[in-house]
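Enquirer: Pasting start_23.txt here (compact mmCIF, C-alpha atoms):
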```txt
# COMPACT_ATOMS: atom_id res chain seq x y z
CA MET Q 1 0.00 0.00 0.00
CA ALA Q 2 1.11 3.23 -0.73
CA MET Q 3 0.70 7.06 -0.96
CA ALA Q 4 3.07 9.73 -2.35
CA SER Q 5 3.91 13.34 -1.26
CA ALA Q 6 5.28 16.79 -1.47
CA THR Q 7 7.82 19.64 -2.07
CA SER Q 8 11.27 21.01 -0.91
CA SER Q 9 13.84 23.60 0.26
CA LEU Q 10 15.70 26.87 -0.18
CA THR Q 11 16.91 27.48 3.36
CA ILE Q 12 19.76 29.15 5.27
CA LEU Q 13 21.19 27.02 8.04
CA ARG Q 14 21.79 29.28 11.01
CA SER Q 15 23.00 26.35 13.05
CA PRO Q 16 24.20 23.36 10.99
CA SER Q 17 24.60 21.16 14.04
CA ALA Q 18 21.02 21.83 15.16
CA PHE Q 19 19.75 21.10 11.67
CA VAL Q 20 21.66 17.84 11.40
CA SER Q 21 20.30 16.70 14.75
CA THR Q 22 16.80 16.66 13.28
CA LEU Q 23 17.75 14.19 10.58
CA SER Q 24 17.62 10.43 10.66
CA HIS Q 25 20.93 8.56 10.76
CA ALA Q 26 20.67 7.74 7.07
CA THR Q 27 20.07 11.33 6.09
CA LYS Q 28 23.07 12.45 8.15
CA MET Q 29 25.22 10.07 6.17
CA LEU Q 30 23.88 11.48 2.92
CA MET Q 31 24.57 15.05 4.04
CA ARG Q 32 28.15 14.19 4.89
CA SER Q 33 28.55 12.67 1.44
CA GLY Q 34 27.39 15.98 -0.10
CA SER Q 35 24.06 14.82 -1.53
CA PHE Q 36 22.16 17.66 0.18
CA GLN Q 37 22.98 21.31 0.55
CA PRO Q 38 21.35 24.42 2.02
CA SER Q 39 19.73 26.98 -0.24
CA ASN Q 40 19.87 30.71 -0.78
CA ARG Q 41 16.81 31.76 1.17
CA GLY Q 42 16.58 35.40 2.04
CA ASN Q 43 19.33 36.80 -0.20
CA GLY Q 44 16.95 38.04 -2.91
CA GLU Q 45 18.42 35.81 -5.59
CA VAL Q 46 16.06 34.24 -8.13
CA ARG Q 47 17.72 31.05 -9.26
CA LYS Q 48 17.34 29.53 -12.69
CA GLU Q 49 17.02 25.76 -12.96
CA GLU Q 50 16.59 23.59 -16.03
CA VAL Q 51 14.50 20.77 -14.50
CA VAL Q 52 12.77 21.11 -11.13
CA ILE Q 53 11.03 18.15 -9.50
CA VAL Q 54 8.50 19.14 -6.86
CA GLY Q 55 8.33 16.39 -4.25
CA GLY Q 56 10.95 14.09 -2.73
CA GLY Q 57 8.89 10.93 -2.33
CA ILE Q 58 9.20 7.74 -4.35
CA ALA Q 59 8.00 9.31 -7.60
CA GLY Q 60 10.20 12.39 -7.29
CA LEU Q 61 13.40 10.61 -6.32
CA ALA Q 62 12.92 7.84 -8.89
CA THR Q 63 12.38 10.47 -11.60
CA ALA Q 64 15.49 12.37 -10.52
CA VAL Q 65 17.63 9.21 -10.50
CA SER Q 66 16.27 8.11 -13.89
CA LEU Q 67 17.06 11.50 -15.42
CA ASP Q 68 20.51 11.49 -13.86
CA ARG Q 69 21.21 8.08 -15.40
CA LEU Q 70 20.39 9.63 -18.79
CA GLY Q 71 22.64 12.64 -18.26
CA VAL Q 72 19.95 15.16 -17.24
CA LYS Q 73 20.45 16.96 -13.95
CA SER Q 74 17.52 18.07 -11.86
CA THR Q 75 16.74 19.82 -8.58
CA VAL Q 76 14.35 18.08 -6.21
CA LEU Q 77 12.33 20.36 -3.93
CA GLU Q 78 11.05 18.64 -0.79
CA GLN Q 79 8.91 20.45 1.77
CA ALA Q 80 10.01 18.33 4.75
CA GLU Q 81 13.19 19.07 6.70
CA SER Q 82 14.71 15.71 5.76
CA LEU Q 83 13.89 12.49 3.99
CA ARG Q 84 10.59 11.38 5.41
CA SER Q 85 11.11 8.48 7.79
CA GLY Q 86 7.36 8.09 8.33
CA GLY Q 87 5.21 5.50 6.66
CA THR Q 88 5.53 1.77 6.96
CA SER Q 89 6.15 -0.54 4.03
CA LEU Q 90 4.86 -1.20 0.57
CA THR Q 91 4.83 -4.22 -1.71
CA LEU Q 92 6.74 -4.08 -4.97
CA SER Q 93 5.83 -6.50 -7.75
CA LYS Q 94 7.82 -7.57 -10.77
CA ASN Q 95 7.17 -4.31 -12.63
CA GLY Q 96 8.53 -2.23 -9.76
CA TRP Q 97 11.67 -4.37 -9.55
CA SER Q 98 12.14 -4.04 -13.30
CA VAL Q 99 12.36 -0.27 -12.88
CA LEU Q 100 14.71 -0.52 -9.90
CA ASP Q 101 16.91 -2.86 -11.95
CA ALA Q 102 16.89 -0.37 -14.82
CA ILE Q 103 18.16 2.45 -12.61
CA GLY Q 104 20.68 0.22 -10.85
CA VAL Q 105 19.46 0.02 -7.23
CA ALA Q 106 17.43 -3.20 -7.10
CA ASN Q 107 20.12 -5.54 -5.79
CA ARG Q 108 20.89 -3.29 -2.85
CA LEU Q 109 17.25 -3.57 -1.82
CA ARG Q 110 16.88 -7.26 -2.60
CA SER Q 111 19.63 -8.06 -0.12
CA GLN Q 112 17.57 -6.47 2.68
CA PHE Q 113 14.06 -7.75 1.98
CA SER Q 114 12.52 -11.20 1.73
CA GLN Q 115 11.04 -12.61 -1.45
CA ILE Q 116 7.37 -13.57 -1.10
CA GLU Q 117 6.62 -17.09 -2.27
CA GLY Q 118 2.85 -17.28 -2.01
CA LEU Q 119 -0.51 -15.86 -0.95
CA VAL Q 120 -3.06 -17.27 1.49
CA ILE Q 121 -6.65 -16.00 1.79
CA ARG Q 122 -8.66 -16.76 4.91
CA SER Q 123 -11.97 -15.72 6.42
CA GLU Q 124 -12.10 -13.80 9.68
CA ASP Q 125 -12.45 -17.06 11.64
CA GLY Q 126 -9.17 -18.32 10.17
CA LYS Q 127 -10.64 -20.77 7.66
CA GLN Q 128 -8.49 -21.01 4.54
CA LEU Q 129 -10.40 -20.04 1.40
CA ARG Q 130 -7.63 -20.17 -1.20
CA SER Q 131 -3.86 -20.27 -1.50
CA PHE Q 132 -1.47 -19.57 -4.35
CA ASN Q 133 2.16 -20.39 -5.01
CA LEU Q 134 3.61 -17.51 -7.01
CA LEU Q 135 6.13 -19.60 -8.91
CA GLU Q 136 3.58 -22.28 -9.83
CA GLU Q 137 1.04 -19.69 -10.94
CA ASP Q 138 3.53 -17.83 -13.13
CA PRO Q 139 4.38 -19.91 -16.24
CA ARG Q 140 7.38 -17.71 -17.01
CA GLN Q 141 8.77 -18.23 -13.51
CA ASP Q 142 9.86 -14.60 -13.29
CA GLN Q 143 7.41 -13.22 -10.74
CA GLU Q 144 8.96 -11.22 -7.93
CA LEU Q 145 7.13 -9.80 -4.92
CA ARG Q 146 8.76 -8.26 -1.86
CA GLY Q 147 7.71 -5.97 0.94
CA VAL Q 148 10.02 -2.96 1.18
CA GLU Q 149 10.35 -0.39 3.94
CA ARG Q 150 9.46 2.99 2.47
CA ARG Q 151 12.19 4.74 4.46
CA ILE Q 152 14.93 2.48 3.10
CA LEU Q 153 13.64 2.80 -0.47
CA LEU Q 154 13.79 6.61 -0.21
CA GLU Q 155 17.27 6.55 1.31
CA THR Q 156 18.52 4.20 -1.40
CA LEU Q 157 17.21 6.42 -4.19
CA ALA Q 158 18.48 9.63 -2.56
CA ALA Q 159 21.98 8.19 -2.20
CA GLU Q 160 22.19 7.91 -6.01
CA LEU Q 161 21.78 11.64 -6.59
CA PRO Q 162 24.66 14.10 -6.96
CA LYS Q 163 25.57 16.90 -4.59
CA GLY Q 164 22.91 19.57 -4.24
CA ALA Q 165 20.18 17.61 -6.01
CA ILE Q 166 17.78 17.56 -3.05
CA GLN Q 167 16.81 20.76 -1.22
CA PHE Q 168 14.69 20.54 1.90
CA SER Q 169 12.31 22.78 3.84
CA SER Q 170 10.66 24.32 0.79
CA LYS Q 171 6.93 24.27 0.36
CA LEU Q 172 5.50 25.35 -2.97
CA ALA Q 173 3.24 28.37 -2.54
CA ARG Q 174 2.67 29.46 -6.14
CA ILE Q 175 3.35 28.27 -9.66
CA GLU Q 176 3.01 30.52 -12.69
CA PRO Q 177 4.26 30.41 -16.29
CA THR Q 178 6.14 33.56 -17.30
CA SER Q 179 5.99 35.54 -20.51
CA GLU Q 180 9.56 34.41 -21.25
CA GLY Q 181 8.45 30.78 -21.36
CA ASP Q 182 9.86 29.78 -17.98
CA ILE Q 183 7.88 28.67 -14.93
CA LEU Q 184 8.02 30.75 -11.78
CA LEU Q 185 8.01 28.76 -8.56
CA GLU Q 186 7.48 30.73 -5.38
CA LEU Q 187 8.08 28.93 -2.10
CA ALA Q 188 6.42 29.47 1.26
CA ASP Q 189 9.52 31.23 2.61
CA GLY Q 190 9.28 33.84 -0.17
CA SER Q 191 12.17 32.57 -2.26
CA LYS Q 192 11.69 32.10 -6.00
CA LEU Q 193 13.00 29.94 -8.80
CA HIS Q 194 12.65 30.11 -12.56
CA ALA Q 195 12.44 26.62 -14.06
CA THR Q 196 12.49 25.59 -17.70
CA THR Q 197 10.64 22.37 -16.90
CA VAL Q 198 8.62 21.36 -13.81
CA ILE Q 199 7.73 17.80 -12.83
CA GLY Q 200 5.02 17.55 -10.19
CA CYS Q 201 5.63 14.58 -7.89
CA ASP Q 202 3.93 16.20 -4.92
CA GLY Q 203 1.60 13.39 -3.98
CA ILE Q 204 -2.09 12.73 -3.61
CA GLY Q 205 -2.89 16.27 -2.46
CA SER Q 206 -0.77 17.82 -5.22
CA PRO Q 207 -1.02 21.64 -5.40
CA ILE Q 208 0.31 21.43 -8.95
CA ALA Q 209 -2.49 19.05 -9.99
CA LYS Q 210 -5.02 21.40 -8.44
CA TRP Q 211 -3.50 24.33 -10.35
CA MET Q 212 -3.77 22.26 -13.57
CA GLY Q 213 -7.52 21.78 -13.00
CA PHE Q 214 -7.69 18.27 -11.53
CA HIS Q 215 -10.39 17.62 -8.97
CA GLU Q 216 -9.48 16.41 -5.51
CA PRO Q 217 -9.10 12.63 -5.14
CA LYS Q 218 -12.38 11.07 -4.03
CA TYR Q 219 -12.68 9.20 -0.74
CA VAL Q 220 -13.67 5.58 -1.46
CA GLY Q 221 -15.51 4.81 1.77
CA TYR Q 222 -12.89 3.02 3.84
CA CYS Q 223 -9.70 3.76 5.78
CA ALA Q 224 -6.54 1.82 6.53
CA ILE Q 225 -4.45 1.48 9.67
CA ARG Q 226 -0.95 0.25 8.89
CA GLY Q 227 2.11 -0.68 10.86
CA LEU Q 228 5.49 -2.40 10.83
CA ALA Q 229 5.99 -4.99 13.54
CA THR Q 230 9.51 -5.65 14.82
CA TYR Q 231 10.87 -8.95 16.14
CA SER Q 232 14.42 -8.44 17.38
CA ASP Q 233 14.95 -12.21 17.74
CA GLY Q 234 13.47 -12.94 14.32
CA GLN Q 235 9.88 -13.02 13.06
CA PRO Q 236 8.24 -16.47 12.91
CA TYR Q 237 6.15 -16.22 9.72
CA GLU Q 238 6.49 -17.92 6.35
CA PRO Q 239 7.32 -15.73 3.32
CA ARG Q 240 3.81 -15.24 2.01
CA VAL Q 241 1.08 -12.62 2.03
CA ASN Q 242 -1.71 -13.52 4.46
CA TYR Q 243 -5.15 -12.00 3.82
CA PHE Q 244 -8.18 -12.14 6.15
CA TYR Q 245 -11.63 -11.09 4.88
CA GLY Q 246 -14.54 -10.14 7.14
CA ARG Q 247 -17.65 -8.00 6.71
CA GLY Q 248 -16.62 -4.43 6.01
CA VAL Q 249 -13.21 -5.17 7.52
CA ARG Q 250 -10.16 -6.93 6.12
CA ALA Q 251 -6.62 -7.36 7.29
CA ALA Q 252 -3.32 -8.68 6.00
CA TYR Q 253 0.27 -9.16 6.97
CA VAL Q 254 3.43 -9.92 5.03
CA PRO Q 255 6.96 -10.62 6.26
CA VAL Q 256 9.26 -7.88 4.98
CA SER Q 257 12.60 -9.06 6.34
CA PRO Q 258 13.90 -11.55 8.92
CA THR Q 259 12.89 -9.11 11.69
CA LYS Q 260 10.01 -7.03 10.24
CA VAL Q 261 6.36 -7.77 9.38
CA TYR Q 262 4.15 -5.25 7.60
CA TRP Q 263 0.41 -5.29 8.33
CA PHE Q 264 -2.76 -3.37 7.62
CA VAL Q 265 -6.42 -3.30 8.63
CA CYS Q 266 -8.97 -1.75 6.25
CA PHE Q 267 -12.38 -0.80 7.61
CA ASN Q 268 -15.48 0.86 6.21
CA SER Q 269 -16.21 4.38 7.41
CA PRO Q 270 -18.90 6.76 6.08
CA SER Q 271 -16.43 9.64 6.24
CA PRO Q 272 -12.64 9.98 6.36
CA GLY Q 273 -12.99 10.85 10.03
CA PRO Q 274 -10.64 12.96 12.15
CA SER Q 275 -6.93 13.00 11.43
CA THR Q 276 -5.74 10.78 14.27
CA THR Q 277 -1.98 10.61 14.85
CA ASP Q 278 -1.96 9.21 18.39
CA SER Q 279 -0.34 5.83 17.76
CA SER Q 280 -1.66 4.29 20.97
CA VAL Q 281 -5.21 5.15 19.88
CA LEU Q 282 -4.57 3.68 16.43
CA LYS Q 283 -3.12 0.48 17.86
CA LYS Q 284 -6.12 0.08 20.14
CA GLN Q 285 -8.51 0.68 17.22
CA ALA Q 286 -6.72 -1.87 15.03
CA LYS Q 287 -6.87 -4.51 17.75
CA GLU Q 288 -10.54 -3.81 18.38
CA LEU Q 289 -11.35 -4.27 14.69
CA VAL Q 290 -9.80 -7.78 14.63
CA ARG Q 291 -10.22 -8.78 18.28
CA ASN Q 292 -11.96 -12.10 17.50
CA TRP Q 293 -9.81 -12.91 14.47
CA PRO Q 294 -6.80 -15.28 14.43
CA SER Q 295 -4.48 -14.47 17.32
CA GLU Q 296 -1.44 -13.98 15.08
CA LEU Q 297 -2.94 -10.67 13.94
CA LEU Q 298 -3.14 -9.38 17.51
CA ASP Q 299 0.42 -10.55 18.18
CA ILE Q 300 1.69 -8.68 15.14
CA VAL Q 301 -0.12 -5.47 16.12
CA ASP Q 302 1.18 -5.80 19.70
CA SER Q 303 4.73 -6.20 18.33
CA THR Q 304 4.54 -2.92 16.42
CA PRO Q 305 6.45 0.14 17.66
CA ASP Q 306 4.07 3.05 18.10
CA ASP Q 307 6.00 5.33 15.77
CA THR Q 308 5.37 3.05 12.77
CA ILE Q 309 1.55 3.02 13.02
CA ILE Q 310 -0.38 5.32 10.68
CA ARG Q 311 -3.99 5.78 9.56
CA ASN Q 312 -5.09 6.97 6.11
CA PRO Q 313 -8.46 7.50 4.47
CA LEU Q 314 -8.14 5.91 1.02
CA ALA Q 315 -8.95 7.82 -2.13
CA ASP Q 316 -8.50 7.69 -5.88
CA ARG Q 317 -9.05 9.76 -9.01
CA TRP Q 318 -10.38 8.32 -12.26
CA LEU Q 319 -8.84 9.92 -15.34
CA TRP Q 320 -11.88 9.92 -17.58
CA PRO Q 321 -10.99 10.33 -21.28
CA THR Q 322 -11.86 13.76 -22.75
CA ILE Q 323 -13.08 14.91 -19.30
CA SER Q 324 -9.99 14.88 -17.08
CA PRO Q 325 -7.19 17.34 -17.81
CA PRO Q 326 -4.11 15.94 -19.55
CA ALA Q 327 -1.02 14.91 -17.58
CA SER Q 328 0.84 18.02 -18.75
CA THR Q 329 0.31 21.70 -19.39
CA GLY Q 330 3.07 23.20 -21.49
CA ARG Q 331 6.33 22.27 -19.77
CA ILE Q 332 4.67 21.20 -16.52
CA VAL Q 333 3.87 17.52 -16.03
CA LEU Q 334 2.58 15.21 -13.28
CA VAL Q 335 3.98 11.88 -12.10
CA GLY Q 336 2.68 9.19 -9.72
CA ASP Q 337 0.02 9.93 -7.10
CA ALA Q 338 0.00 13.61 -8.08
CA TRP Q 339 -1.60 12.53 -11.36
CA HIS Q 340 -3.29 9.17 -10.80
CA PRO Q 341 -3.85 8.34 -7.11
CA MET Q 342 -5.23 4.83 -6.80
CA THR Q 343 -6.32 2.60 -3.96
CA PRO Q 344 -3.72 0.06 -2.81
CA ASN Q 345 -5.87 -3.00 -3.55
CA LEU Q 346 -3.61 -4.22 -6.35
CA GLY Q 347 -0.37 -3.08 -4.73
CA GLN Q 348 0.41 -0.93 -7.77
CA GLY Q 349 0.61 2.66 -6.51
CA ALA Q 350 4.37 2.74 -5.97
CA CYS Q 351 5.01 0.42 -8.91
CA CYS Q 352 3.14 2.73 -11.30
CA ALA Q 353 5.01 5.75 -9.94
CA LEU Q 354 8.29 3.98 -10.69
CA GLU Q 355 7.05 3.12 -14.18
CA ASP Q 356 6.05 6.76 -14.74
CA ALA Q 357 9.52 7.86 -13.68
CA VAL Q 358 11.46 5.85 -16.28
CA VAL Q 359 9.00 6.46 -19.11
CA LEU Q 360 9.02 10.21 -18.52
CA ALA Q 361 12.80 10.33 -18.04
CA LYS Q 362 13.43 8.64 -21.38
CA LYS Q 363 11.09 10.95 -23.25
CA LEU Q 364 12.30 14.12 -21.52
CA ALA Q 365 15.98 13.27 -21.97
CA GLY Q 366 15.41 12.63 -25.65
CA ALA Q 367 13.61 15.96 -26.01
CA ILE Q 368 16.30 17.93 -24.17
CA ASN Q 369 19.04 16.36 -26.24
CA SER Q 370 17.20 17.18 -29.46
CA LYS Q 371 17.50 20.95 -28.74
CA ASP Q 372 14.02 21.48 -30.18
CA GLN Q 373 12.18 24.05 -28.06
CA TYR Q 374 8.84 22.35 -28.71
CA SER Q 375 9.98 18.77 -28.20
CA VAL Q 376 9.65 18.85 -24.40
CA GLU Q 377 5.94 19.59 -24.66
CA GLU Q 378 5.59 16.87 -27.27
CA ALA Q 379 7.49 14.47 -25.01
CA PHE Q 380 5.12 15.24 -22.15
CA ARG Q 381 2.08 14.68 -24.35
CA SER Q 382 3.52 11.36 -25.50
CA TYR Q 383 4.20 10.36 -21.90
CA GLY Q 384 0.65 11.27 -20.86
CA SER Q 385 -0.91 9.30 -23.71
CA GLU Q 386 1.23 6.22 -23.12
CA ARG Q 387 0.85 6.15 -19.37
CA TRP Q 388 -2.89 6.92 -19.37
CA ARG Q 389 -3.56 3.65 -21.20
CA ARG Q 390 -1.74 1.90 -18.37
CA VAL Q 391 -2.86 3.70 -15.21
CA PHE Q 392 -6.55 4.37 -15.90
CA PRO Q 393 -7.57 0.69 -16.14
CA LEU Q 394 -5.46 -0.14 -13.07
CA THR Q 395 -7.10 2.64 -11.07
CA VAL Q 396 -10.57 1.37 -11.97
CA ARG Q 397 -9.66 -2.27 -11.31
CA ALA Q 398 -8.13 -1.45 -7.93
CA HIS Q 399 -11.30 0.45 -6.98
CA LEU Q 400 -13.59 -2.43 -7.97
CA VAL Q 401 -11.46 -5.01 -6.15
CA GLY Q 402 -11.58 -2.87 -3.02
CA SER Q 403 -15.35 -2.55 -3.26
CA ILE Q 404 -15.74 -6.34 -3.37
CA LEU Q 405 -13.36 -6.89 -0.47
CA GLN Q 406 -15.16 -4.33 1.70
CA TRP Q 407 -18.61 -5.85 1.31
CA GLU Q 408 -20.67 -5.82 4.51
CA ASN Q 409 -23.86 -7.69 3.61
CA PRO Q 410 -23.71 -11.15 5.29
CA LEU Q 411 -25.27 -12.95 2.31
CA VAL Q 412 -23.00 -11.27 -0.22
CA CYS Q 413 -19.93 -11.95 1.95
CA SER Q 414 -20.97 -15.59 2.20
CA ILE Q 415 -21.12 -15.82 -1.60
CA ARG Q 416 -17.72 -14.14 -1.82
CA ASN Q 417 -16.13 -16.53 0.67
CA LYS Q 418 -17.83 -19.74 -0.52
CA ILE Q 419 -17.93 -19.24 -4.28
CA ILE Q 420 -16.04 -16.25 -5.67
CA ILE Q 421 -12.73 -16.73 -3.84
CA PRO Q 422 -12.53 -20.55 -3.64
CA LYS Q 423 -13.86 -21.30 -7.13
CA LEU Q 424 -13.53 -18.22 -9.32
CA ALA Q 425 -10.58 -16.18 -8.04
CA SER Q 426 -7.44 -16.41 -10.13
CA LEU Q 427 -3.97 -15.02 -9.64
CA LYS Q 428 -3.47 -14.63 -13.37
CA PRO Q 429 -5.12 -11.16 -13.63
CA MET Q 430 -2.91 -9.96 -10.77
CA LEU Q 431 0.19 -11.25 -12.54
CA GLU Q 432 -0.82 -9.74 -15.89
CA HIS Q 433 -0.66 -6.18 -14.64
CA THR Q 434 2.92 -6.67 -13.47
CA ASN Q 435 4.17 -7.29 -17.02
CA PHE Q 436 6.13 -4.09 -17.49
CA THR Q 437 9.80 -4.19 -18.43
CA CYS Q 438 12.42 -1.61 -19.29
CA GLU Q 439 16.06 -1.70 -20.33
CA SER Q 440 18.89 -0.42 -18.17
CA LEU Q 441 19.06 3.37 -18.23
CA GLN Q 442 22.79 3.16 -17.53
CA GLU Q 443 23.29 1.28 -20.77
CA GLU Q 444 21.16 3.80 -22.67
CA LYS Q 445 23.31 6.62 -21.30
CA GLN Q 446 26.39 4.98 -22.75
```
Could I get this file's structure written as structure tokens?
Expert:
Amino acid sequence: MAMASATSSLTILRSPSAFVSTLSHATKMLMRSGSFQPSNRGNGEVRKEEVVIVGGGIAGLATAVSLDRLGVKSTVLEQAESLRSGGTSLTLSKNGWSVLDAIGVANRLRSQFSQIEGLVIRSEDGKQLRSFNLLEEDPRQDQELRGVERRILLETLAAELPKGAIQFSSKLARIEPTSEGDILLELADGSKLHATTVIGCDGIGSPIAKWMGFHEPKYVGYCAIRGLATYSDGQPYEPRVNYFYGRGVRAAYVPVSPTKVYWFVCFNSPSPGPSTTDSSVLKKQAKELVRNWPSELLDIVDSTPDDTIIRNPLADRWLWPTISPPASTGRIVLVGDAWHPMTPNLGQGACCALEDAVVLAKKLAGAINSKDQYSVEEAFRSYGSERWRRVFPLTVRAHLVGSILQWENPLVCSIRNKIIIPKLASLKPMLEHTNFTCESLQEEKQ
């Protein structure tokens, strides 16, 4: 499951030691290596940048790394003070790993996270409804599924960027094309940049998408509580995804590494509800939702550090043909959740953001190298057309799957558990949407 995010920095460091103390250990290491640098806030300078990426989440960093592999430098603006250590984990399927292979970071992540070998579906009383072996179900024997800690994925991508590529503590306040053809970006601290090209990777609540005329993502009627359990002496679970389906409530857990287990509980709610950040309240709510379910779920929730538990209302946006705005306006384009937020029911949010990143990077690099002033806009239109055919059906499918899994009616749930899942459910459609491949960007650069 996944959601993306936001913008960046142009900031004077009055006390470098105080600033560094706010960073995670990994971010400190990156600062010492020169990957991050302070900005020129307050000196009145209006900087000129060729390519500016708004948002330092998965989409933004993957786009920056992909462009860098193709010889195009970019500046990533991230509104947080450091790489965001929040969030839990996400699952990456074969298509996501194909992208990470293409940009040269996959093996570093593979060494840290366990490969998932199967899926088991059970009812809330623990009765097994269906199980799948990923290798047996995949005739090509190339399926790959792993849970990955979001924090480590971000750190791994950020470490690939050159000095000064990521600038923190900058929140986008205004975006406006200029008469000279550039794009003016004004940040919340008053500093300004002129960019030739802007890539909006600023997540599900994207200000850039709103400026481009997109409607707000629509709440789908259920929320998710998620966490990352820790077992210092080793977690005891087999390498498979475990699903539990109830009435209006479902849960799952998946081993991420030898010591970590990712879990979630989805529950119907007529409204998104209050923004609750008290982790003890969230843990209590999660346990209450599954209190009479198999005890392993309660053990996993109990083994979860409070600071890894989050709650999100789930939302998506359907990109209706001829009705929704295009992915780009002039030399401004959207990537990932900023453009096509989808529910996590297929595990494709992060994977599609990674796909977006490499497709856009190839097209933009080709346009920049052509020296044609109009080719960037054409490249963006080509990207939007190609990716729309991929992400719109996935968004709709994920929504429909979620609707089925959140059924409340006892009779309908009985049909689901006795007929649909045991006799009709197939893993093949899930495997089909992971069939995305791309060649190494490092080779293309050569």
Enquirer: Calculated over only C-alpha atoms, which of the candidates Q:Ala173, Q:Ala224, Q:Val281, Q:Ile332 has the smallest distance to Q:Gly402?
Expert: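 Among the listed residues, the smallest separation from Q:Gly402 belongs to Q:Ala224.
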Enquirer: Counting only C-alpha atoms, select every polymer residue within 8 Å of (-12.9, 1.5, 1.8) as defined in the file's coordinates, and provide the selection as a list in words.
Expert: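 Result, sorted by chain then residue number: Val220, Gly221, Tyr222, Cys223, Ala224, Cys266, Phe267, Asn268, Ser269, Pro313, Leu314, Gly402, Ser403 and Gln406 of chain Q.
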Enquirer: Quick one: everything within 9 Å of Q:Asp307, counting only C-alpha atoms, minus sequence neighbours fewer than 4 positions away in the same chain. Send it as a list of chain:residue names.
Expert: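 In the requested form, the answer reads Q:Gly86, Q:Gly227, Q:Ser279.
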Enquirer: Around the point (14.3, 0.8, -2.3), in the coordinates given by the file, pick out the residues reaching within 8 Å, counting only C-alpha atoms, and return them as a compact mmCIF listing (two decimals) with C-alpha atoms, in the coordinates of the input.
Expert:
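Result went into result.txt, see below:
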```txt
# COMPACT_ATOMS: atom_id res chain seq x y z
CA LEU Q 100 14.71 -0.52 -9.90
CA VAL Q 105 19.46 0.02 -7.23
CA ALA Q 106 17.43 -3.20 -7.10
CA ARG Q 108 20.89 -3.29 -2.85
CA LEU Q 109 17.25 -3.57 -1.82
CA VAL Q 148 10.02 -2.96 1.18
CA GLU Q 149 10.35 -0.39 3.94
CA ARG Q 150 9.46 2.99 2.47
CA ILE Q 152 14.93 2.48 3.10
CA LEU Q 153 13.64 2.80 -0.47
CA LEU Q 154 13.79 6.61 -0.21
CA GLU Q 155 17.27 6.55 1.31
CA THR Q 156 18.52 4.20 -1.40
CA LEU Q 157 17.21 6.42 -4.19
```
Enquirer: Between atom CA of Q:Phe380 and atom CA of Q:Thr329, what is the spacing in Å?
Expert: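 Separating atom CA of Q:Thr329 from atom CA of Q:Phe380 is a distance of 8.5 Å.
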Enquirer: Would you mind listing what lies within 8 Å of stretch 200-217 of chain Q as a count of residues only, with all atoms listed in the file counted and same-chain residues fewer than 6 positions away left out?
Expert: 29
Enquirer: Between Q:Arg226, Q:Lys94, Q:His399, Q:Arg47, which residue has the minimum interatomic distance to Q:Cys438, considering only C-alpha atoms?
Expert: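 Among the listed residues, Q:Lys94 lies closest to Q:Cys438.
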Enquirer: I need the residue nearest Q:Gly147 from this list: Q:Asp372, Q:Glu378, Q:Glu439, Q:Glu117. Use all atoms listed in the file for the distance.
Expert: Q:Glu117
Enquirer: Given all atoms listed in the file as the basis, pick out the residue of Q:Val65, Q:Leu145, Q:Leu70, Q:Leu441 nearest to Q:Ala367.
Expert: Q:Leu70
Enquirer: Atom CA of Q:Ala353 to atom CA of Q:Leu161: how many Å, to one decimal?
Expert: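 Between atom CA of Q:Ala353 and atom CA of Q:Leu161 the gap works out to 18.1 Å.
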Enquirer: Residues within 6 Å of Q:Glu186, please, as a list of chain:residue names. Count only C-alpha atoms; anything in the same chain fewer than 4 positions from it doesn't count.
Expert: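 Here the qualifying residues turn out to be Q:Ala173, Q:Arg174, Q:Ser191, Q:Lys192.
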Enquirer: Which polymer residues have any atom within 9 Å of an atom of Q:Thr276, counting all atoms listed in the file, with same-chain residues fewer than 4 positions away left out, as a list in words?
Expert: Val281, Leu282, Ile310 and Arg311 of chain Q
Enquirer: Counting only C-alpha atoms, figure out which residue out of Q:Leu119, Q:Cys413, Q:Leu61, Q:Leu193 gets nearest to Q:Ala165.
Expert: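 Of the candidates, the smallest distance to Q:Ala165 is held by Q:Leu61.
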Enquirer: Would you kindly return, as a PyMOL selection string, each protein, DNA or RNA residue with an atom no farther than 9 Å from any atom of Q:Leu400, considering all atoms listed in the file and excluding same-chain residues fewer than 5 positions away?
Expert: chain Q and resi 345+395+405
